[in-house]
Amino acid sequence: MNKYLRILYSQISSQLIYKFDTCVKLALKVMQILTTVFIWKAIYISNEYNYIGEYSYNNMIMYIILANVASVIFSFEPCFRLGTLIHSGKLTTLLLRPIHLLYESFARYMGSKILEVTVYLILAFFMINAQGADILYVFFALIFLLLAFLMFFMCVSVISTIGFWIIQMWPLRSILTAIYLLMG
């Protein structure tokens, strides 16, 4: 377990090498969410209704936050990493190490996404406290998101084995992203 935590830590530290770039990227994402929240607040105020369709303002804010978190953590990056390792010949050196390839890939992926997810969860916590949302609902939503992420990662790991047969994996990126957006 300690070796996978080291991999996670090295991914986090590699993201923090360019601190200003990381801070600006995270600040822009937060500003994007806040702008969307304020636009929806203006829509609800100008509409003079508590509901638009069947959605209250609190439901809409929760949807915006969960959609942004989902767009960060549900990515096809691990899918193409295995294909790159196979075709560059670096997979054999990785397989000779005393680590599990799936766990290593998971630790690397989590390390690359943990800063963004942490910022989103902090933002979600403040928005939820400001709106007075049901804590039990939020807890179950986070549990659902975690389980969905684990299942998605396993699915992407299975898809990544296509790299053993296909020489160029990059055309699949747009196809998989389109399928993901259509199903989302």
# chains A, B, ... in the order shown; residues from 1 in each chain; ligands from 1
$ residues_around --residues "stretch 109-121 of chain A" --least-positions-apart "4" --cutoff "9 Å" --atoms "only C-alpha atoms" --output "ChimeraX atom specification"
/A:7-15,22,26,29-30,65-66,68-69,72-73,77-78,104-105,125-126
$ closest_atom_pairs --of "stretch 52-148 of chain A" --to "stretch 166-177 of chain A" --cutoff "12 Å" --atoms "only C-alpha atoms" --output "Markdown table"
| residue | atom | partner | partner_atom | distance |
| --- | --- | --- | --- | --- |
| A:Ser71 | CA | A:Thr177 | CA | 10.8 |
| A:Phe74 | CA | A:Thr177 | CA | 10.0 |
| A:Ser75 | CA | A:Thr177 | CA | 8.3 |
| A:Phe76 | CA | A:Arg173 | CA | 7.3 |
| A:Glu77 | CA | A:Arg173 | CA | 8.8 |
| A:Pro78 | CA | A:Arg173 | CA | 11.1 |
| A:Cys79 | CA | A:Arg173 | CA | 8.8 |
| A:Phe80 | CA | A:Met169 | CA | 6.4 |
| A:Arg81 | CA | A:Met169 | CA | 9.4 |
| A:Leu82 | CA | A:Met169 | CA | 9.7 |
| A:Gly83 | CA | A:Met169 | CA | 6.5 |
| A:Thr84 | CA | A:Met169 | CA | 8.1 |
| A:Leu85 | CA | A:Met169 | CA | 11.4 |
| A:Ile86 | CA | A:Ile167 | CA | 9.2 |
| A:His87 | CA | A:Ile167 | CA | 7.2 |
| A:Ser88 | CA | A:Ile167 | CA | 10.6 |
$ closest_residue --among "A:Leu102, A:Leu5, A:Cys23, A:Ile33" --to "A:Cys155" --atoms "only C-alpha atoms"
A:Leu102
$ select_by_dssp --residues "chain A" --states "helix (DSSP H, G or I)" --output "NGL selection string"
:A and (2-15 or 19-47 or 57-73 or 77-88 or 91-96 or 101-131 or 135-164 or 170-183)
$ write_last_selection --atoms "C-alpha atoms" --output "compact mmCIF listing (two decimals), in the first residue's frame"
# COMPACT_ATOMS: atom_id res chain seq x y z
CA ASN A 2 2.87 2.33 0.81
CA LYS A 3 4.25 2.11 -2.75
CA TYR A 4 0.94 3.23 -4.22
CA LEU A 5 0.77 6.15 -1.80
CA ARG A 6 4.23 7.16 -3.02
CA ILE A 7 2.99 7.06 -6.61
CA LEU A 8 -0.02 9.18 -5.62
CA TYR A 9 2.26 11.62 -3.80
CA SER A 10 4.64 11.88 -6.77
CA GLN A 11 1.73 12.70 -9.08
CA ILE A 12 0.50 15.41 -6.70
CA SER A 13 4.00 16.88 -6.37
CA SER A 14 4.49 16.84 -10.14
CA GLN A 15 1.32 18.90 -10.48
CA LYS A 19 2.25 26.27 -8.58
CA PHE A 20 1.06 29.41 -10.31
CA ASP A 21 -0.27 27.43 -13.27
CA THR A 22 -2.08 25.03 -10.94
CA CYS A 23 -3.54 27.86 -8.84
CA VAL A 24 -4.73 29.77 -11.90
CA LYS A 25 -6.30 26.63 -13.37
CA LEU A 26 -8.16 25.89 -10.15
CA ALA A 27 -9.19 29.54 -9.68
CA LEU A 28 -10.61 29.64 -13.20
CA LYS A 29 -12.64 26.50 -12.55
CA VAL A 30 -14.01 27.98 -9.33
CA MET A 31 -14.86 31.24 -11.12
CA GLN A 32 -16.61 29.26 -13.85
CA ILE A 33 -18.77 27.46 -11.28
CA LEU A 34 -19.53 30.66 -9.36
CA THR A 35 -20.49 32.44 -12.59
CA THR A 36 -22.85 29.61 -13.48
CA VAL A 37 -24.35 29.68 -9.98
CA PHE A 38 -24.93 33.44 -10.13
CA ILE A 39 -26.50 33.17 -13.59
CA TRP A 40 -28.93 30.54 -12.34
CA LYS A 41 -29.67 32.63 -9.26
CA ALA A 42 -30.54 35.57 -11.52
CA ILE A 43 -32.75 33.31 -13.63
CA TYR A 44 -34.62 32.07 -10.56
CA ILE A 45 -35.01 35.62 -9.18
CA SER A 46 -36.21 37.08 -12.47
CA ASN A 47 -38.61 34.20 -13.01
CA TYR A 57 -32.52 26.50 -6.98
CA ASN A 58 -30.80 24.15 -4.51
CA ASN A 59 -31.27 21.20 -6.86
CA MET A 60 -29.82 23.20 -9.73
CA ILE A 61 -26.74 24.21 -7.69
CA MET A 62 -26.19 20.60 -6.64
CA TYR A 63 -26.48 19.53 -10.28
CA ILE A 64 -23.93 22.13 -11.39
CA ILE A 65 -21.42 21.06 -8.75
CA LEU A 66 -21.88 17.34 -9.40
CA ALA A 67 -21.65 17.84 -13.16
CA ASN A 68 -18.35 19.70 -12.77
CA VAL A 69 -16.95 17.07 -10.41
CA ALA A 70 -18.04 14.36 -12.83
CA SER A 71 -16.37 16.11 -15.75
CA VAL A 72 -13.09 16.12 -13.83
CA ILE A 73 -12.98 12.59 -12.47
CA GLU A 77 -6.84 9.34 -19.60
CA PRO A 78 -6.02 5.90 -18.10
CA CYS A 79 -7.43 4.27 -21.20
CA PHE A 80 -4.75 5.69 -23.45
CA ARG A 81 -1.85 5.41 -21.02
CA LEU A 82 -1.72 1.61 -21.33
CA GLY A 83 -1.67 1.80 -25.13
CA THR A 84 1.20 4.27 -24.97
CA LEU A 85 3.11 2.02 -22.57
CA ILE A 86 2.57 -0.99 -24.83
CA HIS A 87 3.71 0.66 -28.03
CA SER A 88 6.66 2.49 -26.49
CA LEU A 91 5.15 -1.81 -20.23
CA THR A 92 7.69 -4.58 -19.71
CA THR A 93 9.75 -2.44 -17.32
CA LEU A 94 6.58 -1.58 -15.43
CA LEU A 95 5.53 -5.23 -15.24
CA LEU A 96 8.93 -6.26 -13.86
CA LEU A 101 -0.49 -2.52 -12.76
CA LEU A 102 -4.13 -1.69 -12.01
CA TYR A 103 -3.36 -0.26 -8.57
CA GLU A 104 -0.45 1.74 -9.97
CA SER A 105 -2.66 3.17 -12.70
CA PHE A 106 -5.34 4.03 -10.14
CA ALA A 107 -2.84 5.76 -7.83
CA ARG A 108 -1.37 7.71 -10.75
CA TYR A 109 -4.81 8.78 -11.96
CA MET A 110 -6.03 9.77 -8.49
CA GLY A 111 -2.86 11.76 -7.90
CA SER A 112 -3.43 13.70 -11.10
CA LYS A 113 -7.05 14.52 -10.19
CA ILE A 114 -7.02 14.90 -6.42
CA LEU A 115 -6.30 18.64 -6.34
CA GLU A 116 -9.21 19.49 -8.61
CA VAL A 117 -11.59 17.15 -6.80
CA THR A 118 -10.56 18.62 -3.43
CA VAL A 119 -11.29 22.15 -4.64
CA TYR A 120 -14.67 21.05 -5.96
CA LEU A 121 -15.55 19.28 -2.71
CA ILE A 122 -14.59 22.34 -0.65
CA LEU A 123 -16.69 24.53 -2.94
CA ALA A 124 -19.56 22.05 -2.71
CA PHE A 125 -19.30 22.02 1.09
CA PHE A 126 -19.60 25.81 1.28
CA MET A 127 -22.46 25.92 -1.21
CA ILE A 128 -24.32 23.14 0.58
CA ASN A 129 -23.94 24.87 3.94
CA ALA A 130 -25.12 28.16 2.44
CA GLN A 131 -28.16 26.51 0.87
CA ILE A 135 -26.70 16.32 4.76
CA LEU A 136 -27.89 12.74 4.33
CA TYR A 137 -28.67 13.39 0.67
CA VAL A 138 -25.22 14.89 0.15
CA PHE A 139 -23.57 11.96 1.91
CA PHE A 140 -25.35 9.42 -0.27
CA ALA A 141 -24.58 11.48 -3.38
CA LEU A 142 -20.86 11.40 -2.52
CA ILE A 143 -21.00 7.64 -1.87
CA PHE A 144 -22.74 7.18 -5.21
CA LEU A 145 -20.13 9.35 -6.94
CA LEU A 146 -17.29 7.34 -5.39
CA LEU A 147 -18.79 4.00 -6.43
CA ALA A 148 -19.54 5.31 -9.92
CA PHE A 149 -15.94 6.50 -10.20
CA LEU A 150 -14.57 3.09 -9.19
CA MET A 151 -16.82 1.33 -11.72
CA PHE A 152 -15.89 3.83 -14.43
CA PHE A 153 -12.19 3.35 -13.73
CA MET A 154 -12.55 -0.42 -13.99
CA CYS A 155 -14.49 -0.04 -17.26
CA VAL A 156 -11.82 2.29 -18.67
CA SER A 157 -9.14 -0.18 -17.58
CA VAL A 158 -10.89 -2.93 -19.52
CA ILE A 159 -11.21 -0.65 -22.56
CA SER A 160 -7.51 0.18 -22.32
CA THR A 161 -6.61 -3.41 -23.11
CA ILE A 162 -7.63 -2.63 -26.71
CA GLY A 163 -4.13 -1.12 -26.89
CA PHE A 164 -2.74 -4.64 -27.30
CA TRP A 170 -5.77 8.38 -30.28
CA PRO A 171 -8.79 8.10 -32.66
CA LEU A 172 -10.72 6.36 -29.88
CA ARG A 173 -10.45 9.41 -27.61
CA SER A 174 -13.06 11.41 -29.52
CA ILE A 175 -15.30 8.39 -30.03
CA LEU A 176 -15.27 7.46 -26.35
CA THR A 177 -15.76 11.07 -25.28
CA ALA A 178 -18.73 11.43 -27.64
CA ILE A 179 -20.32 8.24 -26.31
CA TYR A 180 -19.72 9.41 -22.73
CA LEU A 181 -21.31 12.83 -23.41
CA LEU A 182 -24.30 11.31 -25.17
CA MET A 183 -24.95 8.89 -22.33
$ select_by_dssp --residues "stretch 5-169 of chain A" --states "strand (DSSP E or B)" --output "list in words"
Tyr51, Ile52, Tyr55 and Ser56 of chain A
$ atom_distance --atom1 "atom CA of A:Pro98" --atom2 "atom CA of A:Ile17"
27.6 Å
$ decode --residues "stretch 9-21 of chain A" --atoms "all heavy atoms" --output "short mmCIF file (atom, residue, chain, number, x, y, z; two decimals), in the first residue's frame"
data_model
loop_
_atom_site.label_atom_id
_atom_site.label_comp_id
_atom_site.auth_asym_id
_atom_site.auth_seq_id
_atom_site.Cartn_x
_atom_site.Cartn_y
_atom_site.Cartn_z
N TYR A 9 1.56 10.43 -4.25
CA TYR A 9 2.26 11.62 -3.80
C TYR A 9 3.14 12.21 -4.91
O TYR A 9 3.21 13.43 -5.07
CB TYR A 9 3.12 11.30 -2.57
CG TYR A 9 3.95 12.45 -2.10
CD1 TYR A 9 3.36 13.54 -1.46
CD2 TYR A 9 5.32 12.48 -2.32
CE1 TYR A 9 4.12 14.61 -1.05
CE2 TYR A 9 6.09 13.55 -1.91
CZ TYR A 9 5.48 14.61 -1.28
OH TYR A 9 6.24 15.67 -0.88
N SER A 10 3.79 11.36 -5.69
CA SER A 10 4.64 11.88 -6.77
C SER A 10 3.80 12.56 -7.85
O SER A 10 4.23 13.55 -8.44
CB SER A 10 5.50 10.77 -7.37
OG SER A 10 4.71 9.87 -8.11
N GLN A 11 2.60 12.05 -8.10
CA GLN A 11 1.73 12.70 -9.08
C GLN A 11 1.26 14.07 -8.57
O GLN A 11 1.20 15.03 -9.32
CB GLN A 11 0.52 11.82 -9.38
CG GLN A 11 0.80 10.69 -10.30
CD GLN A 11 1.26 11.17 -11.66
OE1 GLN A 11 2.41 10.98 -12.02
NE2 GLN A 11 0.39 11.79 -12.41
N ILE A 12 0.93 14.13 -7.28
CA ILE A 12 0.50 15.41 -6.70
C ILE A 12 1.66 16.40 -6.75
O ILE A 12 1.48 17.56 -7.13
CB ILE A 12 0.00 15.22 -5.26
CG1 ILE A 12 -1.30 14.41 -5.26
CG2 ILE A 12 -0.23 16.56 -4.57
CD1 ILE A 12 -1.76 13.98 -3.89
N SER A 13 2.85 15.97 -6.38
CA SER A 13 4.00 16.88 -6.37
C SER A 13 4.38 17.30 -7.78
O SER A 13 4.84 18.43 -7.99
CB SER A 13 5.19 16.25 -5.65
OG SER A 13 5.61 15.09 -6.30
N SER A 14 4.19 16.43 -8.77
CA SER A 14 4.49 16.84 -10.14
C SER A 14 3.50 17.88 -10.64
O SER A 14 3.84 18.72 -11.47
CB SER A 14 4.50 15.63 -11.08
OG SER A 14 3.21 15.12 -11.25
N GLN A 15 2.28 17.85 -10.13
CA GLN A 15 1.32 18.90 -10.48
C GLN A 15 1.66 20.21 -9.81
O GLN A 15 1.36 21.28 -10.33
CB GLN A 15 -0.10 18.49 -10.07
CG GLN A 15 -0.77 17.60 -11.04
CD GLN A 15 -2.24 17.45 -10.70
OE1 GLN A 15 -2.67 17.74 -9.60
NE2 GLN A 15 -3.00 16.98 -11.66
N LEU A 16 2.26 20.14 -8.64
CA LEU A 16 2.58 21.35 -7.88
C LEU A 16 3.92 21.96 -8.25
O LEU A 16 4.34 22.93 -7.62
CB LEU A 16 2.52 21.06 -6.38
CG LEU A 16 1.13 20.75 -5.84
CD1 LEU A 16 1.21 20.37 -4.37
CD2 LEU A 16 0.20 21.92 -6.06
N ILE A 17 4.59 21.41 -9.25
CA ILE A 17 5.85 22.00 -9.67
C ILE A 17 5.61 23.41 -10.19
O ILE A 17 6.31 24.34 -9.84
CB ILE A 17 6.53 21.11 -10.75
CG1 ILE A 17 7.06 19.84 -10.10
CG2 ILE A 17 7.65 21.86 -11.45
CD1 ILE A 17 7.61 18.83 -11.07
N TYR A 18 4.60 23.57 -11.00
CA TYR A 18 4.23 24.88 -11.50
C TYR A 18 3.02 25.36 -10.69
O TYR A 18 1.88 25.22 -11.11
CB TYR A 18 3.91 24.82 -12.99
CG TYR A 18 5.07 24.33 -13.81
CD1 TYR A 18 5.11 23.06 -14.32
CD2 TYR A 18 6.16 25.17 -14.03
CE1 TYR A 18 6.18 22.62 -15.07
CE2 TYR A 18 7.24 24.74 -14.77
CZ TYR A 18 7.25 23.46 -15.28
OH TYR A 18 8.32 23.02 -16.01
N LYS A 19 3.31 25.89 -9.52
CA LYS A 19 2.25 26.27 -8.58
C LYS A 19 1.32 27.33 -9.13
O LYS A 19 0.12 27.27 -8.96
CB LYS A 19 2.88 26.73 -7.27
CG LYS A 19 3.53 25.62 -6.49
CD LYS A 19 4.25 26.17 -5.28
CE LYS A 19 4.98 25.12 -4.52
NZ LYS A 19 6.04 24.45 -5.24
N PHE A 20 1.88 28.33 -9.79
CA PHE A 20 1.06 29.41 -10.31
C PHE A 20 0.10 28.88 -11.37
O PHE A 20 -1.08 29.25 -11.38
CB PHE A 20 1.93 30.52 -10.90
CG PHE A 20 1.15 31.69 -11.39
CD1 PHE A 20 0.57 32.58 -10.48
CD2 PHE A 20 0.94 31.90 -12.73
CE1 PHE A 20 -0.18 33.65 -10.93
CE2 PHE A 20 0.20 32.97 -13.19
CZ PHE A 20 -0.36 33.85 -12.29
N ASP A 21 0.59 28.00 -12.24
CA ASP A 21 -0.27 27.43 -13.27
C ASP A 21 -1.40 26.62 -12.64
O ASP A 21 -2.56 26.72 -13.05
CB ASP A 21 0.57 26.54 -14.19
CG ASP A 21 -0.23 25.96 -15.33
OD1 ASP A 21 -1.01 26.72 -15.95
OD2 ASP A 21 -0.09 24.76 -15.61
#
